[in-house]
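Dumped my_file-v6.cif below, it's mmCIF, C-alpha atoms and all ligand atoms:
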data_upload
#
loop_
_atom_site.label_atom_id
_atom_site.label_comp_id
_atom_site.auth_asym_id
_atom_site.auth_seq_id
_atom_site.Cartn_x
_atom_site.Cartn_y
_atom_site.Cartn_z
CA MET A 1 146.32 60.36 70.59
CA TRP A 2 145.20 59.32 74.02
CA TYR A 3 145.78 61.27 77.16
CA PRO A 4 145.57 60.75 80.90
CA ASN A 5 142.39 62.00 82.50
CA ILE A 6 143.64 62.65 85.97
CA LYS A 7 140.95 61.72 88.41
CA ASP A 8 142.25 63.05 91.63
CA LEU A 9 143.76 66.40 92.27
CA ASN A 10 146.71 65.05 94.23
CA THR A 11 147.75 62.84 91.35
CA LEU A 12 147.38 65.81 89.02
CA ALA A 13 149.70 67.86 91.22
CA ILE A 14 152.28 65.08 91.25
CA ILE A 15 152.14 64.63 87.48
CA LEU A 16 152.39 68.37 86.82
CA PHE A 17 155.27 68.53 89.27
CA LYS A 18 157.08 65.81 87.37
CA GLY A 19 156.54 67.79 84.18
CA VAL A 20 154.55 65.15 82.30
CA ASN A 21 152.61 67.27 79.86
CA GLY A 22 150.49 65.14 77.61
CA ALA A 23 150.46 61.74 76.04
CA LEU A 24 150.72 58.63 78.16
CA SER A 25 153.95 56.70 78.47
CA GLU A 26 154.07 53.18 77.08
CA ASP A 27 153.94 51.82 80.62
CA GLU A 28 150.82 53.83 81.43
CA LYS A 29 149.13 52.62 78.24
CA GLY A 30 150.03 49.06 79.20
CA GLU A 31 148.51 49.57 82.63
CA TYR A 32 145.26 50.76 81.08
CA ILE A 33 144.96 47.77 78.73
CA ASP A 34 145.82 45.40 81.60
CA ALA A 35 143.05 46.96 83.68
CA VAL A 36 140.54 46.40 80.86
CA LYS A 37 141.64 42.77 80.60
CA CYS A 38 141.27 42.44 84.34
CA LEU A 39 137.63 43.59 84.13
CA GLN A 40 137.12 41.07 81.30
CA SER A 41 138.33 38.24 83.51
CA LYS A 42 136.64 39.36 86.73
CA ALA A 43 133.36 37.73 87.79
CA PRO A 44 130.28 39.96 87.51
CA TYR A 45 129.00 41.59 90.70
CA ASN A 46 125.51 40.34 90.14
CA ALA A 47 124.88 36.96 88.49
CA THR A 48 121.24 37.75 87.64
CA ILE A 49 122.07 38.69 84.03
CA LYS A 50 123.02 35.26 82.69
CA ALA A 51 124.69 36.39 79.47
CA ALA A 52 127.06 38.70 81.34
CA LYS A 53 129.98 36.46 82.29
CA SER A 54 132.39 39.17 83.44
CA ARG A 55 132.41 42.57 85.09
CA PHE A 56 133.18 44.04 81.65
CA ASP A 57 130.12 42.25 80.15
CA GLU A 58 127.99 43.64 82.95
CA PHE A 59 128.65 47.20 81.81
CA GLN A 60 127.89 46.32 78.19
CA SER A 61 124.77 44.46 79.24
CA PHE A 62 123.33 47.40 81.14
CA HIS A 63 123.96 49.70 78.16
CA ILE A 64 122.00 47.27 75.97
CA THR A 65 119.16 47.33 78.50
CA ILE A 66 118.98 51.07 78.94
CA ALA A 67 120.09 52.41 75.51
CA ASP A 68 116.55 53.39 74.43
CA ASP A 69 116.13 55.53 77.57
CA VAL A 70 119.48 57.36 77.59
CA HIS A 71 119.98 58.61 74.03
CA PHE A 72 118.38 61.63 72.32
CA VAL A 73 117.21 62.85 75.73
CA GLY A 74 118.28 65.43 78.31
CA GLN A 75 120.00 62.81 80.48
CA PHE A 76 122.26 61.58 77.63
CA LEU A 77 125.40 63.40 78.84
CA PRO A 78 124.80 63.03 82.62
CA TRP A 79 124.00 59.30 82.27
CA HIS A 80 127.09 58.61 80.16
CA ARG A 81 129.21 60.69 82.58
CA LEU A 82 128.13 58.44 85.45
CA PHE A 83 128.46 55.24 83.37
CA VAL A 84 132.00 56.02 82.27
CA ARG A 85 132.84 57.22 85.78
CA ASN A 86 131.72 53.91 87.26
CA TYR A 87 133.64 51.88 84.67
CA GLU A 88 136.71 53.91 85.37
CA LYS A 89 136.60 53.47 89.12
CA ALA A 90 138.63 50.31 88.46
CA LEU A 91 140.82 51.84 85.78
CA ARG A 92 143.09 54.79 85.29
CA ASP A 93 140.92 57.40 83.61
CA GLU A 94 141.85 58.26 80.06
CA TYR A 95 140.32 59.72 76.95
CA TRP A 96 140.92 59.57 73.21
CA ASP A 97 141.28 62.98 71.57
CA TRP A 98 140.20 61.95 68.07
CA THR A 99 140.56 65.51 66.71
CA LEU A 100 144.28 64.69 66.42
CA ASP A 101 143.52 61.61 64.28
CA SER A 102 140.95 63.07 61.89
CA LYS A 103 142.94 65.12 59.38
CA THR A 104 143.42 62.34 56.81
CA PRO A 105 142.30 58.70 56.54
CA GLU A 106 145.94 57.68 57.15
CA ASP A 107 146.08 59.71 60.38
CA TYR A 108 143.06 57.78 61.63
CA MET A 109 144.33 54.34 60.55
CA ASN A 110 147.78 55.03 62.05
CA SER A 111 146.58 56.55 65.32
CA PRO A 112 148.55 55.29 68.34
CA VAL A 113 145.22 54.33 69.88
CA TRP A 114 145.09 51.33 67.47
CA ASP A 115 148.66 50.20 68.12
CA PRO A 116 148.78 46.40 68.65
CA ILE A 117 151.31 46.64 71.47
CA THR A 118 150.57 49.86 73.33
CA GLY A 119 146.99 50.50 72.14
CA PHE A 120 143.62 48.85 71.54
CA GLY A 121 144.60 46.85 68.44
CA PRO A 122 143.77 47.49 64.76
CA ASN A 123 140.90 47.28 62.29
CA GLY A 124 138.95 44.06 61.70
CA VAL A 125 140.15 41.56 59.09
CA PRO A 126 137.64 41.22 56.20
CA GLY A 127 135.92 37.87 55.82
CA THR A 128 136.56 36.66 59.37
CA TYR A 129 133.15 37.41 60.86
CA THR A 130 129.64 36.47 59.81
CA LEU A 131 126.72 38.30 61.38
CA PRO A 132 124.14 36.05 63.02
CA PRO A 133 120.55 36.25 61.82
CA PHE A 134 119.37 39.30 63.71
CA THR A 135 116.20 40.97 64.81
CA ASN A 136 115.63 44.23 63.02
CA ASP A 137 115.24 46.21 66.26
CA SER A 138 119.00 46.02 66.92
CA HIS A 139 120.07 48.86 64.56
CA ILE A 140 122.72 46.62 62.96
CA PHE A 141 124.45 47.99 59.85
CA PRO A 142 126.10 44.94 58.21
CA ASP A 143 128.65 47.08 56.30
CA ALA A 144 130.17 48.26 59.59
CA PHE A 145 130.98 44.64 60.62
CA ARG A 146 134.12 44.25 58.49
CA GLY A 147 135.75 41.47 60.50
CA CYS A 148 137.46 40.23 63.66
CA VAL A 149 140.29 42.17 65.30
CA GLN A 150 143.17 39.68 65.04
CA ASP A 151 146.06 41.65 66.51
CA GLY A 152 146.61 43.53 69.74
CA PRO A 153 145.45 42.91 73.30
CA PHE A 154 141.85 41.99 72.37
CA ALA A 155 142.66 39.70 69.41
CA TYR A 156 140.60 36.52 69.79
CA TYR A 157 138.89 37.92 72.89
CA THR A 158 135.33 36.53 73.08
CA LEU A 159 132.45 38.91 73.67
CA ASN A 160 129.35 37.30 75.21
CA LEU A 161 126.92 40.10 74.39
CA GLY A 162 125.90 41.73 71.12
CA PRO A 163 125.81 42.48 68.30
CA GLY A 164 122.87 44.74 69.06
CA LYS A 165 120.44 43.22 71.54
CA LEU A 166 121.57 39.66 70.77
CA ALA A 167 123.74 37.67 73.18
CA THR A 168 126.16 35.69 70.98
CA GLU A 169 129.73 34.60 71.56
CA HIS A 170 131.81 36.44 68.98
CA CYS A 171 135.12 38.15 68.33
CA LEU A 172 135.67 41.88 68.76
CA VAL A 173 134.53 43.23 65.36
CA ARG A 174 135.62 46.52 63.82
CA GLY A 175 135.22 48.23 60.46
CA PHE A 176 137.02 51.57 60.42
CA ASN A 177 135.20 54.29 58.52
CA THR A 178 137.71 57.03 57.74
CA THR A 179 135.08 59.05 55.86
CA ALA A 180 133.22 59.45 59.14
CA ALA A 181 136.46 60.13 61.04
CA THR A 182 137.66 62.92 58.74
CA ARG A 183 134.22 64.48 58.41
CA TYR A 184 132.91 64.44 61.98
CA LEU A 185 135.87 64.21 64.38
CA THR A 186 137.50 67.50 63.45
CA PRO A 187 138.53 70.44 65.65
CA GLN A 188 135.97 72.53 63.67
CA GLN A 189 133.15 70.18 64.70
CA VAL A 190 134.24 70.46 68.33
CA ALA A 191 134.40 74.26 68.04
CA ASN A 192 130.89 74.37 66.56
CA THR A 193 129.71 72.25 69.49
CA THR A 194 131.30 74.26 72.31
CA LYS A 195 130.17 77.61 70.86
CA GLN A 196 126.49 76.71 71.38
CA GLU A 197 124.93 79.07 73.90
CA THR A 198 122.28 76.86 75.46
CA PHE A 199 122.54 73.33 76.83
CA GLU A 200 119.69 72.35 74.51
CA THR A 201 121.51 73.22 71.27
CA PHE A 202 124.83 72.02 72.77
CA ARG A 203 123.59 68.52 73.61
CA ILE A 204 121.91 68.09 70.21
CA GLU A 205 124.94 69.40 68.29
CA LEU A 206 127.17 67.00 70.28
CA GLU A 207 125.08 63.82 70.14
CA GLY A 208 123.70 63.80 66.59
CA GLY A 209 121.64 60.77 65.61
CA ASP A 210 118.09 61.31 64.39
CA GLN A 211 117.99 64.70 66.14
CA THR A 212 120.18 66.24 63.43
CA PRO A 213 120.23 65.89 59.63
CA ASP A 214 123.93 64.95 59.64
CA ARG A 215 126.31 63.02 61.94
CA LYS A 216 127.97 64.82 64.85
CA ILE A 217 131.01 64.14 67.10
CA HIS A 218 129.24 61.50 69.23
CA ASP A 219 127.73 59.32 66.54
CA GLY A 220 130.58 60.12 64.13
CA GLY A 221 133.07 58.69 66.63
CA HIS A 222 131.09 55.48 67.03
CA ILE A 223 130.69 55.06 63.25
CA SER A 224 134.42 55.69 62.67
CA VAL A 225 135.23 52.52 64.69
CA GLY A 226 132.51 50.25 63.24
CA GLY A 227 131.51 46.78 64.50
CA ASP A 228 130.01 46.52 67.97
CA GLY A 229 131.56 49.90 68.74
CA SER A 230 129.18 51.50 66.25
CA ASN A 231 126.07 49.71 67.48
CA PHE A 232 123.42 51.70 69.36
CA TYR A 233 123.03 48.93 71.98
CA SER A 234 126.23 46.88 72.21
CA SER A 235 128.86 49.62 71.66
CA PRO A 236 130.50 49.20 75.12
CA GLY A 237 131.71 45.76 73.92
CA ASP A 238 134.61 47.57 72.24
CA PRO A 239 136.84 48.91 75.04
CA ILE A 240 137.43 52.07 72.94
CA PHE A 241 133.83 53.08 73.83
CA TYR A 242 135.00 54.34 77.21
CA LEU A 243 137.75 56.54 75.77
CA HIS A 244 135.32 58.03 73.24
CA HIS A 245 132.71 58.82 75.88
CA THR A 246 135.32 60.19 78.24
CA ASN A 247 136.42 62.61 75.50
CA LEU A 248 132.79 63.68 74.99
CA ASP A 249 132.53 64.15 78.75
CA ARG A 250 135.66 66.31 78.65
CA ILE A 251 134.11 68.45 75.88
CA TRP A 252 130.94 68.83 77.96
CA TRP A 253 133.14 69.90 80.93
CA ILE A 254 134.93 72.47 78.73
CA TRP A 255 131.51 73.86 77.75
CA GLN A 256 130.31 73.82 81.39
CA ASN A 257 133.27 76.02 82.32
CA LEU A 258 132.66 78.64 79.63
CA SER A 259 130.04 80.49 81.69
CA PRO A 260 128.76 80.30 85.29
CA SER A 261 125.28 79.70 83.84
CA HIS A 262 126.52 76.55 82.06
CA LEU A 263 127.69 74.57 85.09
CA TYR A 264 124.22 73.42 86.18
CA ALA A 265 122.43 73.88 82.83
CA ILE A 266 120.35 70.85 81.85
CA SER A 267 117.41 70.34 79.48
CA GLY A 268 115.85 67.92 77.05
CA PRO A 269 113.08 65.32 77.07
CA SER A 270 113.37 62.44 79.55
CA SER A 271 112.03 59.92 77.05
CA VAL A 272 112.02 59.52 73.28
CA THR A 273 109.42 56.77 73.28
CA ASN A 274 106.92 58.68 75.46
CA PRO A 275 106.48 62.21 74.11
CA THR A 276 104.28 63.23 77.06
CA ALA A 277 107.06 62.50 79.60
CA PRO A 278 108.36 65.65 81.34
CA ASN A 279 111.69 67.27 80.49
CA VAL A 280 114.64 66.37 82.72
CA THR A 281 115.57 68.53 85.71
CA LEU A 282 118.52 68.37 88.13
CA ASP A 283 116.44 65.97 90.26
CA PHE A 284 116.18 63.35 87.50
CA THR A 285 117.51 59.92 88.61
CA LEU A 286 120.26 58.28 86.53
CA LEU A 287 119.76 54.50 86.67
CA MET A 288 122.79 52.20 86.93
CA GLY A 289 121.04 48.83 87.21
CA THR A 290 123.11 46.38 89.20
CA LEU A 291 126.37 48.22 88.43
CA GLU A 292 126.41 50.93 91.05
CA GLU A 293 124.16 53.14 93.13
CA THR A 294 121.90 55.59 91.31
CA MET A 295 122.57 59.33 91.40
CA SER A 296 120.64 62.42 90.39
CA ILE A 297 121.72 64.62 87.49
CA ARG A 298 122.60 67.29 90.09
CA ASP A 299 125.13 64.91 91.70
CA VAL A 300 127.11 64.51 88.46
CA MET A 301 127.09 68.09 87.14
CA ASP A 302 130.24 69.29 88.92
CA ILE A 303 133.02 66.75 88.29
CA GLY A 304 135.07 68.27 91.13
CA ASN A 305 132.42 67.47 93.78
CA THR A 306 132.73 64.64 96.27
CA HIS A 307 130.55 62.29 94.19
CA MET A 308 132.68 62.60 91.05
CA CYS A 309 136.07 63.83 92.25
CA TYR A 310 138.03 63.99 89.00
CA THR A 311 139.28 66.64 86.63
CA TYR A 312 140.69 66.87 83.10
CA ALA A 313 144.36 67.65 82.60
C1 LIG A 401 121.05 41.33 91.61
O1 LIG A 401 120.12 42.01 90.79
C2 LIG A 401 118.76 41.66 91.07
C3 LIG A 401 117.90 42.32 90.01
O2 LIG A 401 118.13 43.70 89.96
C4 LIG A 401 118.42 42.04 92.51
O3 LIG A 401 117.10 41.66 92.79
C5 LIG A 401 119.39 41.38 93.46
O4 LIG A 401 119.16 41.83 94.79
C6 LIG A 401 120.83 41.66 93.08
N1 LIG A 401 121.76 40.90 93.91
C7 LIG A 401 122.78 41.44 94.55
C8 LIG A 401 123.65 40.49 95.32
O5 LIG A 401 123.02 42.64 94.53
C1 LIG A 402 130.97 55.55 56.46
O1 LIG A 402 130.48 56.80 56.93
C2 LIG A 402 129.83 57.56 55.93
C3 LIG A 402 129.54 58.91 56.55
O2 LIG A 402 128.74 58.81 57.71
C4 LIG A 402 128.58 56.81 55.47
O3 LIG A 402 127.92 57.54 54.47
C5 LIG A 402 128.98 55.43 54.95
O4 LIG A 402 127.81 54.69 54.66
C6 LIG A 402 129.83 54.67 55.98
N1 LIG A 402 130.35 53.45 55.39
C7 LIG A 402 130.17 52.25 55.94
C8 LIG A 402 130.83 51.12 55.25
O5 LIG A 402 129.51 52.08 56.96
C1 LIG A 403 126.93 74.07 63.82
O1 LIG A 403 125.90 74.05 64.79
C2 LIG A 403 124.61 74.48 64.34
C3 LIG A 403 123.67 74.46 65.55
O2 LIG A 403 123.52 73.18 66.07
C4 LIG A 403 124.14 73.55 63.23
O3 LIG A 403 122.88 73.99 62.74
C5 LIG A 403 125.16 73.53 62.11
O4 LIG A 403 124.78 72.57 61.14
C6 LIG A 403 126.54 73.17 62.66
N1 LIG A 403 127.53 73.25 61.61
C7 LIG A 403 128.33 72.22 61.31
C8 LIG A 403 129.32 72.47 60.21
O5 LIG A 403 128.27 71.15 61.89
C1 LIG A 404 110.50 70.65 77.12
O1 LIG A 404 111.44 71.63 76.68
C2 LIG A 404 111.18 72.08 75.35
C3 LIG A 404 112.35 72.95 74.90
O2 LIG A 404 112.81 73.79 75.92
C4 LIG A 404 109.83 72.81 75.34
O3 LIG A 404 109.54 73.29 74.03
C5 LIG A 404 108.74 71.83 75.77
O4 LIG A 404 107.49 72.49 75.86
C6 LIG A 404 109.07 71.21 77.12
N1 LIG A 404 108.15 70.10 77.36
C7 LIG A 404 107.54 69.88 78.53
C8 LIG A 404 106.68 68.67 78.61
O5 LIG A 404 107.69 70.64 79.49
CU CU A 405 125.36 55.12 74.88
#
Can you turn what I pasted into structure tokens?
Amino acid sequence: MWYPNIKDLNTLAIILFKGVNGALSEDEKGEYIDAVKCLQSKAPYNATIKAAKSRFDEFQSFHITIADDVHFVGQFLPWHRLFVRNYEKALRDEYWDWTLDSKTPEDYMNSPVWDPITGFGPNGVPGTYTLPPFTNDSHIFPDAFRGCVQDGPFAYYTLNLGPGKLATEHCLVRGFNTTAATRYLTPQQVANTTKQETFETFRIELEGGDQTPDRKIHDGGHISVGGDGSNFYSSPGDPIFYLHHTNLDRIWWIWQNLSPSHLYAISGPSSVTNPTAPNVTLDFTLLMGTLEETMSIRDVMDIGNTHMCYTYA
């Protein structure tokens, strides 16, 4: 299921007043997809990055550039909060609550989020995509690249960036992995994440990757989609990226509200490649490249402040 993430308190009041209590209407879903398509057709702000031909590409491009510096580190959640926030400035904010789609493989395959008319379109079609020869520093798992998405709003849409660090023109590729969906996207996994008492164990339990022996809700969600969406670098090429990360942001916000000591709790290394780099503090700067102005971690901690100004319904 996907839900509205109401970004301003006045809109929230109006929606509550009207008695809308959950899932988006078909019209609202249509508006979201139209907004994504608008970003895909809009010129980039800054023409310096040649491969990025649209505003949408620009976001994906900066993720490719900065991926090594914003995963498995203390700034993982704050950086992705700001990234998603900036993407969503032009969109209605929404998130994908995958815990409602993880009970059985069929629940995942049939989720309304993949609907060809009101959602993001279905799985890739086998045999319709061939991976280019790739450099082995792109973390590409060939099995996850099942094929092109040939139905829905992004059927035959051409990505300019990815897979991985490559810049190739290609279709939107998916390869659903329902084993990952039913194992890692469960309410139990979320509960185990939010019950962590320190930010340090919380962020590791949420993000997964090489920090943990098994997959967690963050990497499990990426793997469940497959294709570019599952790639460490080029994942924002699948528009579902932003709904996944918004849901993770919502789970972080739920955890931040569990105790007054959680709201401004932050920890973790600032670099994985340089083990002597200091740990992050609230003064750490979150880079946004040419996308938007930079902010400090402190600026993004409270989503109700004037910098962020949104809330979760
Ligand atoms: C575009 O980005 C480059 C590199 O970061 C920067 O030097 C340049 O000033 C930017 N141009 C605009 C119009 O913002
Ligand atoms: C699907 O996910 C499971 C669990 O993470 C993994 O073991 C398996 O290799 C994945 N399958 C594909 C085709 O990527
Ligand atoms: C729950 O979280 C703890 C702490 O991160 C972790 O060691 C454990 O493996 C988690 N359990 C499950 C089922 O994910
Ligand atoms: C960073 O934090 C960890 C865990 O809290 C701690 O063990 C480590 O010594 C700290 N590293 C630095 C460079 O301060
Ligand atoms: Cu990322």
Taking only C-alpha atoms and all ligand atoms and a cut-off of 12 Å, can you tell me which residues surround ligand LIG 402 (chain A), written as a tab-separated table (two decimals) with C-alpha atoms, in the frame of the given file?
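So part_30.tsv came out as:
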chain	number	residue	atom	x	y	z
A	105	PRO	CA	142.30	58.70	56.54
A	140	ILE	CA	122.72	46.62	62.96
A	141	PHE	CA	124.45	47.99	59.85
A	142	PRO	CA	126.10	44.94	58.21
A	143	ASP	CA	128.65	47.08	56.30
A	144	ALA	CA	130.17	48.26	59.59
A	145	PHE	CA	130.98	44.64	60.62
A	146	ARG	CA	134.12	44.25	58.49
A	174	ARG	CA	135.62	46.52	63.82
A	175	GLY	CA	135.22	48.23	60.46
A	176	PHE	CA	137.02	51.57	60.42
A	177	ASN	CA	135.20	54.29	58.52
A	178	THR	CA	137.71	57.03	57.74
A	179	THR	CA	135.08	59.05	55.86
A	180	ALA	CA	133.22	59.45	59.14
A	181	ALA	CA	136.46	60.13	61.04
A	182	THR	CA	137.66	62.92	58.74
A	183	ARG	CA	134.22	64.48	58.41
A	184	TYR	CA	132.91	64.44	61.98
A	185	LEU	CA	135.87	64.21	64.38
A	208	GLY	CA	123.70	63.80	66.59
A	209	GLY	CA	121.64	60.77	65.61
A	213	PRO	CA	120.23	65.89	59.63
A	214	ASP	CA	123.93	64.95	59.64
A	215	ARG	CA	126.31	63.02	61.94
A	216	LYS	CA	127.97	64.82	64.85
A	217	ILE	CA	131.01	64.14	67.10
A	218	HIS	CA	129.24	61.50	69.23
A	219	ASP	CA	127.73	59.32	66.54
A	220	GLY	CA	130.58	60.12	64.13
A	221	GLY	CA	133.07	58.69	66.63
A	222	HIS	CA	131.09	55.48	67.03
A	223	ILE	CA	130.69	55.06	63.25
A	224	SER	CA	134.42	55.69	62.67
A	225	VAL	CA	135.23	52.52	64.69
A	226	GLY	CA	132.51	50.25	63.24
A	227	GLY	CA	131.51	46.78	64.50
A	230	SER	CA	129.18	51.50	66.25
A	231	ASN	CA	126.07	49.71	67.48
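One distance worth recording is that between CA of Pro187 (chain A) and atom O4 of ligand LIG 403 (chain A), which is 14.6 Å.
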Let me have all residues with an atom within 6 Å of ligand LIG 404 (chain A), counting only C-alpha atoms and all ligand atoms, laid out as a PDB file with C-alpha atoms, in the frame of the given file.
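Wrote it out as selection_31.pdb, contents follow:
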ATOM      1  CA  GLY A 268     115.850  67.920  77.050  1.00  0.00           C
ATOM      2  CA  PRO A 269     113.080  65.320  77.070  1.00  0.00           C
ATOM      3  CA  PRO A 278     108.360  65.650  81.340  1.00  0.00           C
ATOM      4  CA  ASN A 279     111.690  67.270  80.490  1.00  0.00           C
TER       5      ASN A 279
END
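Minimum atom-to-atom distance to ligand LIG 401 (chain A), evaluated using all atoms listed in the file, belongs to A:Lys50 out of A:His71, A:Arg85, A:His244, A:Lys50.
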How close does chain A get to ligand LIG 401 (chain A)? List, as a Markdown table, each residue of chain A within 7 Å, its nearest atom pair and the distance in Å to one decimal, counting only C-alpha atoms and all ligand atoms.
| residue | atom | partner | partner_atom | distance |
| --- | --- | --- | --- | --- |
| A:Asn46 | CA | A:LIG401 | C1 | 4.8 |
| A:Ala47 | CA | A:LIG401 | C1 | 6.6 |
| A:Thr48 | CA | A:LIG401 | C1 | 5.3 |
| A:Gly289 | CA | A:LIG401 | O2 | 6.5 |
| A:Thr290 | CA | A:LIG401 | O1 | 5.5 |
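Proximity of A:Ala191, A:Ser54, A:Thr246, A:Asp69 to ligand LIG 403 (chain A), computed with all atoms listed in the file, is greatest for A:Ala191.
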Listed atoms of ligand LIG 403 (chain A) boxed along x, y and z, 3 Å each side, centre and edge lengths in Å, one decimal, as AutoDock Vina command-line options:
--center_x 126.1 --center_y 72.8 --center_z 63.1 --size_x 12.4 --size_y 9.3 --size_z 11.9
What residues of the protein or nucleic acid chains come within 7 Å of ligand CU 405 (chain A) when you use all atoms listed in the file? Reply as a tab-separated table (two decimals) with C-alpha atoms, in the frame of the given file.
chain	number	residue	atom	x	y	z
A	63	HIS	CA	123.96	49.70	78.16
A	67	ALA	CA	120.09	52.41	75.51
A	70	VAL	CA	119.48	57.36	77.59
A	71	HIS	CA	119.98	58.61	74.03
A	80	HIS	CA	127.09	58.61	80.16
A	232	PHE	CA	123.42	51.70	69.36
